[in-house]
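The file input_16.csv comes next; it holds CSV, C-alpha atoms.
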```
chain,number,residue,atom,x,y,z
O,1,MET,CA,32.9,9.9,-5.5
O,2,ILE,CA,31.7,8.4,-2.2
O,3,ASN,CA,31.1,4.6,-2.2
O,4,GLU,CA,27.7,3.1,-1.3
O,5,THR,CA,28.8,1.7,2.1
O,6,GLU,CA,30.1,5.1,3.2
O,7,LEU,CA,27.0,6.8,2.0
O,8,ILE,CA,24.8,4.4,4.0
O,9,GLU,CA,26.9,4.9,7.1
O,10,ARG,CA,26.7,8.6,6.8
O,11,LEU,CA,22.9,8.4,6.3
O,12,LYS,CA,22.7,6.3,9.5
O,13,GLN,CA,24.2,9.3,11.3
O,14,GLY,CA,21.6,11.6,9.8
O,15,ASP,CA,23.9,13.2,7.2
O,16,GLU,CA,21.6,15.3,4.9
O,17,THR,CA,24.2,15.5,2.1
O,18,ALA,CA,24.4,11.7,2.1
O,19,PHE,CA,20.6,11.5,1.9
O,20,LYS,CA,20.5,14.0,-1.0
O,21,THR,CA,23.1,11.9,-2.8
O,22,ILE,CA,21.1,8.7,-2.3
O,23,VAL,CA,17.9,10.3,-3.5
O,24,GLU,CA,19.6,11.7,-6.6
O,25,GLN,CA,21.3,8.5,-7.3
O,26,TRP,CA,18.3,6.2,-7.0
O,27,GLN,CA,15.3,8.4,-7.7
O,28,ASP,CA,14.7,7.3,-11.3
O,29,MET,CA,14.9,3.6,-10.3
O,30,VAL,CA,12.4,4.1,-7.5
O,31,TYR,CA,10.1,6.3,-9.6
O,32,ASN,CA,10.1,4.0,-12.6
O,33,THR,CA,9.4,0.9,-10.5
O,34,ILE,CA,6.5,2.6,-8.7
O,35,LEU,CA,5.2,4.1,-12.0
O,36,GLY,CA,5.1,0.7,-13.6
O,37,ILE,CA,2.9,-0.7,-10.8
O,38,VAL,CA,0.5,2.2,-10.0
O,39,GLN,CA,0.4,3.5,-13.6
O,40,ASN,CA,-0.2,7.1,-12.6
O,41,GLU,CA,2.5,9.8,-12.7
O,42,THR,CA,1.2,12.0,-9.8
O,43,GLU,CA,0.7,9.1,-7.5
O,44,ALA,CA,4.1,7.6,-8.4
O,45,GLU,CA,5.8,10.9,-7.5
O,46,ASP,CA,4.1,11.1,-4.1
O,47,LEU,CA,4.9,7.4,-3.4
O,48,ALA,CA,8.5,7.9,-4.5
O,49,GLN,CA,8.7,10.7,-1.8
O,50,ASP,CA,7.2,8.2,0.7
O,51,VAL,CA,9.8,5.6,-0.2
O,52,PHE,CA,12.7,8.0,0.5
O,53,ILE,CA,11.2,9.2,3.7
O,54,LYS,CA,10.9,5.6,4.8
O,55,VAL,CA,14.6,5.1,3.8
O,56,PHE,CA,15.7,8.0,5.9
O,57,GLU,CA,13.7,6.8,8.9
O,58,LYS,CA,14.5,3.1,8.6
O,59,ILE,CA,18.1,3.1,7.4
O,60,GLY,CA,19.0,1.9,10.9
O,61,THR,CA,17.3,-1.4,10.2
O,62,PHE,CA,19.4,-1.9,7.0
O,63,LYS,CA,22.0,-4.5,8.0
O,64,GLY,CA,23.7,-4.8,4.6
O,65,ASP,CA,22.8,-8.5,4.1
O,66,ALA,CA,21.2,-7.6,0.8
O,67,LYS,CA,22.3,-5.0,-1.7
O,68,PHE,CA,21.1,-1.5,-0.9
O,69,SER,CA,19.3,-1.4,-4.3
O,70,THR,CA,17.5,-4.7,-3.4
O,71,TRP,CA,16.4,-3.1,-0.1
O,72,LEU,CA,15.2,0.0,-2.0
O,73,TYR,CA,13.3,-2.0,-4.7
O,74,ARG,CA,11.6,-4.0,-1.9
O,75,ILE,CA,10.4,-0.8,-0.1
O,76,ALA,CA,9.3,0.7,-3.5
O,77,THR,CA,7.4,-2.4,-4.5
O,78,THR,CA,5.7,-2.8,-1.2
O,79,THR,CA,4.7,0.8,-1.0
O,80,ALA,CA,3.3,0.8,-4.5
O,81,LEU,CA,1.3,-2.5,-3.9
O,82,ASP,CA,0.0,-1.2,-0.5
O,83,HIS,CA,-1.2,1.9,-2.3
O,84,LEU,CA,-3.0,-0.1,-4.9
O,85,ARG,CA,-4.7,-2.2,-2.2
O,86,SER,CA,-5.9,0.8,-0.3
O,87,LYS,CA,-7.2,2.3,-3.6
O,88,LYS,CA,-9.1,-0.9,-4.3
O,89,ARG,CA,-10.6,-0.8,-0.8
O,90,LYS,CA,-11.7,2.8,-1.3
O,91,LYS,CA,-13.2,1.9,-4.8
O,92,ARG,CA,-15.2,-1.0,-3.2
O,93,PHE,CA,-16.4,1.3,-0.5
O,94,GLY,CA,-17.4,3.8,-3.2
O,95,PHE,CA,-19.3,1.1,-5.1
O,96,LEU,CA,-21.2,0.1,-1.9
O,97,GLN,CA,-22.0,3.8,-1.3
O,98,SER,CA,-23.3,4.1,-4.8
O,99,LEU,CA,-25.5,1.0,-4.2
O,100,SER,CA,-26.9,2.6,-1.1
O,101,GLY,CA,-27.7,5.8,-3.0
O,102,SER,CA,-24.9,7.9,-1.5
O,103,SER,CA,-22.6,10.0,-3.7
O,104,GLY,CA,-20.0,7.4,-4.1
O,105,GLU,CA,-19.3,8.1,-7.8
O,106,GLU,CA,-16.0,6.8,-9.0
O,107,LYS,CA,-13.8,9.9,-9.3
O,108,ASP,CA,-10.6,8.1,-10.1
O,109,GLN,CA,-11.4,6.6,-13.5
O,110,ILE,CA,-7.8,6.2,-14.7
O,111,PRO,CA,-7.3,7.2,-18.3
O,112,ASP,CA,-5.2,5.0,-20.5
O,113,PHE,CA,-1.7,5.1,-19.1
O,114,HIS,CA,1.3,6.0,-21.4
O,115,HIS,CA,4.7,5.2,-20.0
O,116,PRO,CA,7.1,8.0,-21.0
O,117,GLY,CA,9.9,5.5,-21.8
O,118,VAL,CA,8.0,3.6,-24.5
O,119,ARG,CA,9.0,4.1,-28.1
O,120,LEU,CA,6.6,6.2,-30.0
O,121,ASP,CA,5.6,3.5,-32.5
O,122,ASN,CA,4.8,1.1,-29.6
O,123,LYS,CA,2.8,3.7,-27.6
O,124,GLU,CA,-0.7,2.3,-28.3
O,125,ARG,CA,0.2,-1.3,-27.9
O,126,ALA,CA,2.1,-0.6,-24.7
O,127,SER,CA,-1.0,1.1,-23.3
O,128,VAL,CA,-3.1,-2.0,-24.0
O,129,LEU,CA,-0.4,-4.1,-22.3
O,130,PHE,CA,-0.3,-1.9,-19.3
O,131,LYS,CA,-4.1,-2.2,-19.0
O,132,ALA,CA,-3.7,-5.9,-18.9
O,133,ILE,CA,-0.8,-5.7,-16.4
O,134,GLU,CA,-3.1,-3.8,-14.1
O,135,GLU,CA,-5.3,-6.8,-13.8
O,136,LEU,CA,-2.5,-9.2,-12.8
O,137,PRO,CA,-2.4,-10.4,-9.2
O,138,ASP,CA,0.0,-8.4,-7.0
O,139,ASN,CA,3.0,-10.8,-6.9
O,140,GLN,CA,2.8,-11.4,-10.7
O,141,LYS,CA,2.5,-7.7,-11.3
O,142,ALA,CA,5.6,-7.0,-9.1
O,143,ALA,CA,7.7,-9.7,-10.8
O,144,TYR,CA,6.7,-8.7,-14.3
O,145,THR,CA,7.3,-4.9,-13.7
O,146,LEU,CA,10.7,-5.5,-12.1
O,147,HIS,CA,11.8,-7.8,-14.9
O,148,LYS,CA,10.3,-6.0,-17.9
O,149,LEU,CA,10.5,-2.3,-16.8
O,150,GLU,CA,13.6,-2.4,-14.6
O,151,GLY,CA,15.4,-5.1,-16.5
O,152,LEU,CA,16.2,-7.2,-13.4
O,153,SER,CA,17.2,-10.8,-13.8
O,154,TYR,CA,15.1,-13.5,-12.3
O,155,ARG,CA,17.7,-13.8,-9.5
O,156,ASP,CA,17.5,-10.1,-8.7
O,157,VAL,CA,13.7,-10.2,-8.7
O,158,SER,CA,13.7,-13.2,-6.4
O,159,GLU,CA,15.9,-11.3,-3.9
O,160,VAL,CA,13.6,-8.3,-4.0
O,161,LEU,CA,10.5,-10.4,-3.5
O,162,SER,CA,12.3,-12.6,-0.9
O,163,THR,CA,11.6,-15.8,-2.8
O,164,THR,CA,13.4,-18.4,-5.0
O,165,VAL,CA,14.4,-18.1,-8.6
O,166,SER,CA,12.0,-21.0,-9.5
O,167,ALA,CA,9.2,-19.2,-7.8
O,168,VAL,CA,9.9,-16.1,-9.9
O,169,GLU,CA,10.0,-18.3,-13.1
O,170,SER,CA,6.6,-19.6,-12.2
O,171,LEU,CA,5.3,-16.1,-11.5
O,172,MET,CA,6.5,-14.9,-14.8
O,173,SER,CA,5.1,-17.9,-16.7
O,174,ARG,CA,1.7,-17.4,-15.0
O,175,ALA,CA,1.9,-13.6,-15.7
O,176,ASN,CA,2.5,-14.2,-19.4
O,177,GLN,CA,-0.4,-16.7,-19.6
O,178,ASN,CA,-2.7,-14.3,-17.9
O,179,LEU,CA,-1.6,-11.4,-20.2
O,180,ARG,CA,-2.0,-13.5,-23.3
O,181,LYS,CA,-5.6,-14.4,-22.2
O,182,GLN,CA,-6.5,-10.8,-21.5
O,183,LEU,CA,-5.0,-9.6,-24.7
O,184,GLU,CA,-6.8,-12.3,-26.6
O,185,ASP,CA,-10.1,-11.1,-25.1
O,186,TYR,CA,-9.2,-7.5,-25.9
O,187,TYR,CA,-8.3,-8.2,-29.6
O,188,ASN,CA,-11.3,-10.4,-30.1
O,189,LYS,CA,-13.5,-7.4,-29.2
O,190,HIS,CA,-11.5,-4.7,-30.8
O,191,TYR,CA,-9.7,-6.3,-33.8
O,192,ARG,CA,-11.1,-5.2,-37.2
N,1,MET,CA,-8.8,-18.7,-39.3
N,2,ILE,CA,-6.7,-15.9,-40.8
N,3,GLN,CA,-8.2,-13.5,-38.3
N,4,LYS,CA,-7.2,-15.8,-35.5
N,5,GLU,CA,-3.6,-15.8,-36.7
N,6,LYS,CA,-3.7,-12.1,-37.0
N,7,ILE,CA,-4.9,-11.8,-33.5
N,8,GLN,CA,-2.1,-14.0,-32.3
N,9,GLN,CA,0.4,-11.8,-34.1
N,10,GLU,CA,-1.2,-8.7,-32.4
N,11,ILE,CA,-0.8,-10.4,-29.0
N,12,GLU,CA,2.9,-11.2,-29.7
N,13,ARG,CA,3.6,-7.7,-30.9
N,14,THR,CA,1.8,-6.2,-27.9
N,15,LEU,CA,3.8,-8.4,-25.5
N,16,GLU,CA,7.0,-7.2,-27.1
N,17,SER,CA,6.0,-3.5,-26.9
N,18,LEU,CA,7.9,-3.0,-23.7
N,19,ASP,CA,11.1,-4.3,-25.1
N,20,GLY,CA,13.7,-1.6,-25.1
N,21,ILE,CA,11.6,0.6,-22.8
N,22,LYS,CA,13.6,3.5,-21.2
N,23,ARG,CA,13.4,4.3,-17.5
N,24,ALA,CA,11.0,7.0,-16.6
N,25,GLU,CA,12.7,10.0,-15.0
N,26,ALA,CA,11.7,11.3,-11.7
N,27,ASN,CA,11.0,15.0,-11.1
N,28,PRO,CA,14.4,16.7,-10.8
N,29,TYR,CA,13.1,18.6,-7.7
N,30,LEU,CA,12.2,15.3,-5.9
N,31,PHE,CA,14.7,15.9,-3.1
N,32,THR,CA,13.4,19.4,-2.5
N,33,ARG,CA,9.9,18.1,-2.2
N,34,ILE,CA,11.0,15.3,0.1
N,35,LYS,CA,12.8,17.8,2.4
N,36,ALA,CA,9.7,20.1,2.4
N,37,ARG,CA,7.5,17.2,3.5
N,38,MET,CA,9.9,16.1,6.2
N,39,ASN,CA,10.2,19.6,7.5
N,40,LYS,CA,6.5,20.0,7.6
N,41,ARG,CA,6.2,16.7,9.6
N,42,THR,CA,8.9,17.8,12.0
N,43,GLY,CA,7.3,21.2,12.3
N,44,ALA,CA,3.9,19.7,13.2
N,45,TRP,CA,5.5,17.5,15.9
N,46,GLU,CA,7.6,20.4,17.3
N,47,ARG,CA,4.4,22.6,17.5
N,48,THR,CA,2.6,19.8,19.4
N,49,PHE,CA,5.5,19.3,21.8
N,50,SER,CA,6.0,23.0,22.4
N,51,PHE,CA,2.3,23.4,23.1
N,52,VAL,CA,2.2,20.4,25.5
N,53,SER,CA,5.3,21.5,27.3
N,54,LYS,CA,4.0,25.0,28.1
N,55,PRO,CA,3.8,25.3,31.9
N,56,LEU,CA,0.2,26.5,31.8
N,57,VAL,CA,-0.9,23.6,29.7
N,58,ALA,CA,1.1,21.1,31.7
N,59,LEU,CA,-0.5,22.4,35.0
N,60,ALA,CA,-4.0,22.4,33.5
N,61,VAL,CA,-3.6,18.7,32.4
N,62,LEU,CA,-2.2,17.8,35.8
N,63,ALA,CA,-5.1,19.5,37.5
N,64,LEU,CA,-7.6,17.7,35.2
N,65,VAL,CA,-6.0,14.3,35.9
N,66,MET,CA,-6.1,15.0,39.7
N,67,ALA,CA,-9.7,16.1,39.5
N,68,MET,CA,-10.7,12.9,37.6
N,69,ASN,CA,-8.7,10.9,40.1
N,70,GLY,CA,-10.5,12.5,43.0
N,71,TRP,CA,-13.9,12.1,41.4
N,72,SER,CA,-13.4,8.4,40.7
N,73,TYR,CA,-12.2,8.0,44.4
N,74,PHE,CA,-15.3,9.6,45.8
N,75,ASP,CA,-17.6,7.9,43.3
N,76,ASN,CA,-16.3,4.5,44.4
N,77,SER,CA,-16.5,5.3,48.1
N,78,ILE,CA,-20.4,5.1,48.1
N,79,PRO,CA,-21.3,2.0,50.1
N,80,THR,CA,-22.4,-0.8,47.8
N,81,GLU,CA,-25.1,-2.1,50.2
N,82,ASN,CA,-27.0,1.1,49.7
N,83,LEU,CA,-27.0,0.6,46.0
N,84,VAL,CA,-28.3,-3.0,46.4
N,85,SER,CA,-31.0,-2.0,48.7
N,86,GLU,CA,-32.1,0.8,46.4
N,87,ALA,CA,-32.1,-1.4,43.3
N,88,PRO,CA,-35.5,-2.3,42.0
N,89,GLU,CA,-36.7,-5.8,42.4
N,90,THR,CA,-35.0,-7.9,39.8
N,91,ALA,CA,-36.2,-11.1,38.0
N,92,SER,CA,-34.7,-14.4,39.0
N,93,LEU,CA,-32.2,-16.1,36.8
N,94,PRO,CA,-34.6,-18.9,35.7
N,95,ASP,CA,-37.2,-16.3,34.7
N,96,PHE,CA,-34.6,-14.5,32.7
N,97,GLU,CA,-33.5,-17.7,31.0
N,98,SER,CA,-37.0,-18.6,30.0
N,99,GLU,CA,-37.9,-15.1,28.9
N,100,TYR,CA,-34.9,-14.8,26.6
N,101,LYS,CA,-34.5,-18.5,25.7
N,102,VAL,CA,-30.9,-18.4,27.0
N,103,ILE,CA,-29.1,-21.7,26.5
N,104,THR,CA,-27.0,-22.4,29.5
N,105,SER,CA,-25.4,-25.6,28.2
N,106,THR,CA,-23.6,-25.6,24.8
N,107,ASP,CA,-23.7,-29.4,24.7
N,108,SER,CA,-27.5,-29.5,24.1
N,109,TYR,CA,-27.6,-26.8,21.5
N,110,ASP,CA,-29.0,-28.0,18.2
N,111,TYR,CA,-26.8,-26.0,15.8
N,112,GLU,CA,-28.3,-27.6,12.7
N,113,ASN,CA,-31.9,-26.7,13.5
N,114,ALA,CA,-31.1,-23.4,15.3
N,115,ASN,CA,-32.7,-21.3,12.6
N,116,ASP,CA,-35.7,-23.5,12.0
N,117,GLU,CA,-37.8,-22.1,14.9
```
Could you spell out this file's structure in structure tokens?
Amino acid sequence: MINETELIERLKQGDETAFKTIVEQWQDMVYNTILGIVQNETEAEDLAQDVFIKVFEKIGTFKGDAKFSTWLYRIATTTALDHLRSKKRKKRFGFLQSLSGSSGEEKDQIPDFHHPGVRLDNKERASVLFKAIEELPDNQKAAYTLHKLEGLSYRDVSEVLSTTVSAVESLMSRANQNLRKQLEDYYNKHYR
Amino acid sequence: MIQKEKIQQEIERTLESLDGIKRAEANPYLFTRIKARMNKRTGAWERTFSFVSKPLVALAVLALVMAMNGWSYFDNSIPTENLVSEAPETASLPDFESEYKVITSTDSYDYENANDE
């Protein structure tokens, strides 16, 4: 079993076997993080590929100040959030096109997302919660996903987001408030 | 009142619905797909470089650059006084200013009432 430092050194030298080991070792972590943020399995797989290609290309910039997993989480989170931003821009453009009479119909109406790791009896509730998470601001969404889906501590989340623990506490508190408000609106409309 | 309490319970249970969630598993062929994408990218660059580095292409590009260079040299060598003398009579600067209401001093510009005219 090769240790992490040796793997990284070998990857820096362009060793393909080391790259394969890294992908296989961290692919679920990267995929799960991205999936929680983008809430679409096909997009999450494409983005996970992007993340590992970035890792291969940028490994030379990894100085080892942070843990490798922290660096990886950072790339995964940034890639996923960038993707959402570009999707939003396209949606806005589509909306403007539809106003001007062009064929800018919204093709990517996302169906309710079901995370494969949710217990069967929680499936419907989790789907409602994911819909609410989708509406959170980017930084709250990232903090909430890393903490709830990946089980990272506030300290680990703060390292990934390059911020302080108290800032993460504040982000989580605001995320919970926002989610409560959204769920309240949802259940006021749908509760029978 | 009872409904409000029930809604609060629903919210709590929904917020707890991610507790004990398992990690989603990536496609087991993820590495193969990554490799395929990387090879495709490398292949595209290699094709571009091999095309550009062909002697015929390189000579053609060189000839084109030299031709453009020569053309710009001869184009600039036309005496400028000829151009000035052949130019049609132009309006004077004050005429131009009054015609297009150009404001030459920013100090006197009335920004607040600029759109009132």
Interface residues on chain O facing chain N, 7 Å, all atoms listed in the file, written as a short mmCIF file (atom, residue, chain, number, x, y, z; two decimals) with C-alpha atoms, in the frame of the given file:
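Output below, filename result-v1.cif:
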```cif
data_model
loop_
_atom_site.label_atom_id
_atom_site.label_comp_id
_atom_site.auth_asym_id
_atom_site.auth_seq_id
_atom_site.Cartn_x
_atom_site.Cartn_y
_atom_site.Cartn_z
CA LYS O 20 20.50 14.00 -1.00
CA VAL O 23 17.90 10.30 -3.50
CA GLN O 27 15.30 8.40 -7.70
CA ASP O 28 14.70 7.30 -11.30
CA TYR O 31 10.10 6.30 -9.60
CA ASN O 32 10.10 4.00 -12.60
CA GLN O 49 8.70 10.70 -1.80
CA PRO O 116 7.10 8.00 -21.00
CA GLY O 117 9.90 5.50 -21.80
CA VAL O 118 8.00 3.60 -24.50
CA ARG O 119 9.00 4.10 -28.10
CA ASN O 122 4.80 1.10 -29.60
CA ARG O 125 0.20 -1.30 -27.90
CA ALA O 126 2.10 -0.60 -24.70
CA LEU O 129 -0.40 -4.10 -22.30
CA LYS O 148 10.30 -6.00 -17.90
CA LEU O 149 10.50 -2.30 -16.80
CA ARG O 180 -2.00 -13.50 -23.30
CA LEU O 183 -5.00 -9.60 -24.70
CA GLU O 184 -6.80 -12.30 -26.60
CA TYR O 187 -8.30 -8.20 -29.60
#
```
Q | Point-to-point distance from atom CA of O:Glu6 to atom CA of O:Asp46, Å rounded to tenths | A |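 Calculated distance between atom CA of O:Glu6 and atom CA of O:Asp46 is 27.7 Å.
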Considering only C-alpha atoms, return as a list in words whatever protein or nucleic-acid residues lie within 9 Å of O:Arg74, sequence-local ones (same chain, fewer than 6 positions apart) excluded.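 Listing them by chain and then by number gives Glu159, Val160, Leu161 and Ser162 of chain O.
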query: Just how far from atom CA of O:Phe68 is atom CA of O:Thr5, in Å to one decimal?
result: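 Computing it gives 8.9 Å between the two atoms.
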Near stretch 137-144 of chain O, within 8 Å and counting all atoms listed in the file, which residues show up once chain neighbours fewer than 4 positions away are dropped, as a VMD selection string? chain O and resid 37 77 81 133 148 to 149 157 161 168 171 to 172 174 to 175
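If you look at atom CA of O:His83 and atom CA of O:Gly36, they are 13.0 Å away from each other.
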- Task: Counting all atoms listed in the file, select every polymer residue within 12 Å of (19.3, -7.5, -2.0) as defined in the file's coordinates, and provide the selection as number ranges by chain.
- Result: O: 62-75, 152, 155-163
message: Report as a list in words all protein, DNA and RNA residues lying within 8 Å of O:Ile8, evaluated on all atoms listed in the file, omitting residues in the same chain fewer than 4 positions from it.
response: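 So, after excluding close chain neighbours, the residues are Glu4, Lys12, Ala18 and Ile59 of chain O.
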Exercise for review: Find the residues near O:Ala44: any atom within 8 Å, counting only C-alpha atoms, skip ones fewer than 2 places away on the same chain, and give them as a list of chain:residue names.
Suggested key: O:Tyr31, O:Ile34, O:Leu35, O:Val38, O:Gln39, O:Asn40, O:Glu41, O:Thr42, O:Asp46, O:Leu47, O:Ala48, O:Ala80
